[in-house]
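**Student:** Dropping the structure in here first, questions after.
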Amino acid sequence: MRISLNVKYLLSFLVFGLCCFFCISTVTSQLMMKNAITTKAAAFYQEGICLSEQYVVNYFEEQENRSTLSNIRSHLTSLDIYLNASIWLITRDGELILDSASSGPATERISIPEFNSVLPGGKYYMTGDFFGMFSEETLSVLIPVSHNYHVRGYIAIHTPMSVIVREKEGYLFSFYVTMILLLGLMFLFGAFHWLMICFPIQRIRKGAGEYALGNYDVPIGMNREDELGFLADTMDFMAESLKDYDEDQRKLISNISHDFRSPLTSIKGYIEAILDGTIPFEIQEKYLNIVLRETERLTKLTSGLLTLNSMDPKQHRLCRTRFDINTVIKNTAATFEGTCTSKRISIELLFSDWESYVYADMGKIQQVLYNLIDNAIKFSQPDSVISVETTLKYDKLFVSVRDTGAGIPKDSLKKIWERFYKTDASRGKDKKGTGLGLAIVKEIIQLHDENINVISTEGVGSEFIFSLTRAEETPSQAAEQSES
């Protein structure tokens, strides 16, 4: 059964209140009863000591003088009213000599059966019927009357337990009243807490439900500067990001569909024309070459998508090594020798040092250089120069690829890193391009925790600059530099 947070919150307060009342009615009641008995017994004991030293000891010293006994009776009667307790005078043998509750003179002594001056537990007080002398439970305090270190008799002070219970209940009632007031305050605090915590959580839960259904246009909009406000703002930001992501996904699928549809349509058309004899056998080779180029374009497009999909920073796919970036640049530039010769384009290499060692994934950095040089060649005019230059600065090495081609329009500079994006100028010149080259370059550089920037002016050219982390020198290199 699903129980809402509000019901759980209310039930928790009710359970807490019941537990508080249960604790007060059991644990607190027992503790107060025990404390009331101990306090009452201690007060009786102090009164008994004073009574023994001032009045009762004289009675036993004067061999139980009757005139002294009459004087003691008057004091016991007064103290009986003050303490709300009956006071007995008992001999060592357990005979009751005097009872403050009795109004007439004592005619004969009453023997207390099984009297024992040592009370249960070795205490000076006990609860019960005091050796069968009372019909109800009574608190009895026994005080010895001593003279010359000898016990002459005992004073016993008794009060019914019902009196102590009434006193305890009076104190306990104040606890109940206080507890009710505290629960009232807690209820107000709970209501305030619900408005401050539970209600905003409900709004966040409702917003999360809308986001789960794909409705990202319902902001939570909680103007708070605490943790819940931060959570609401984060979820609103997440909704905007998901909305943009969905839009990017739709654009990506649209671009993929467009870039796949065109070559597939060409391939399908030429093959059907060859099969049904529309294209004569003599010129079929020409169209088969077109089909082959379109197939290579699809293969390149698929490889690019797989490359982008594999570049997940969380999977740590980099294989970093220490290598000379100058050698990698030379080898990459050499692969374009045939293309550069046919287009009458030269590549100029400018290195800051004979050797520049970096710490990166050599294969992926080579792919970056290949894409950047390939783009530069595509958009460069014949008889132009492409420059690849390295620059050292602190612990970074910067590599730039500069061409003197058509340049990139200003409104396209921020979009060139997007997948499948092509400028209008490139569509006319780069029929074989997939629009994934710079996206792959961006992903690789970011995977290395490095940066890449572009500087471009229409009609002048473009320059792409990316950074790499310099590798530490080996001991042999350090020795060679010191010798030189």
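We label chains A, B, ... in the order they appear in the structure tokens, count residues from 1 in each chain, and number ligands from 1 in the order shown.
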Within 9 Å of Arg470 in chain A, counting only C-alpha atoms, which residues show up once you throw out same-chain ones fewer than 5 positions away? Write them as a list in words, please.

**Tutor:**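 The residues that qualify are Arg322, Ser356, Tyr357, Val358, Tyr359, Ala360, Leu392, Tyr394, Asp395, Lys396 and Leu397 of chain A.
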
**Student:** Which residues are near Ser387 in chain A? Cut-off 12 Å, only C-alpha atoms, ignore same chain within fewer than 3 positions. Put them as a PyMOL selection string.

**Tutor:** chain A and resi 329+333+345-351+372-373+376-377+380+384+390+399-405+461-465

**Student:** Step one, run DSSP on the backbone; step two, keep only residues of range 269-431 of chain A assigned to strand (DSSP E or B); then write them as number ranges by chain.

**Tutor:** A: 321-324, 346-350, 357-360, 385-393, 396-402

**Student:** Any idea what's packed within 8 Å of Asp236 in chain A, counting only C-alpha atoms, ignoring anything in its chain fewer than 2 positions away? Could you give it as a PyMOL selection string?

**Tutor:** chain A and resi 219-221+232-234+238-240

**Student:** So which one's closest to Met33 in chain A, A:Leu298, A:Leu185, A:Leu172, A:Val177? Using only C-alpha atoms, please.

**Tutor:**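 Among the listed residues, the smallest separation from Met33 in chain A belongs to A:Leu172.
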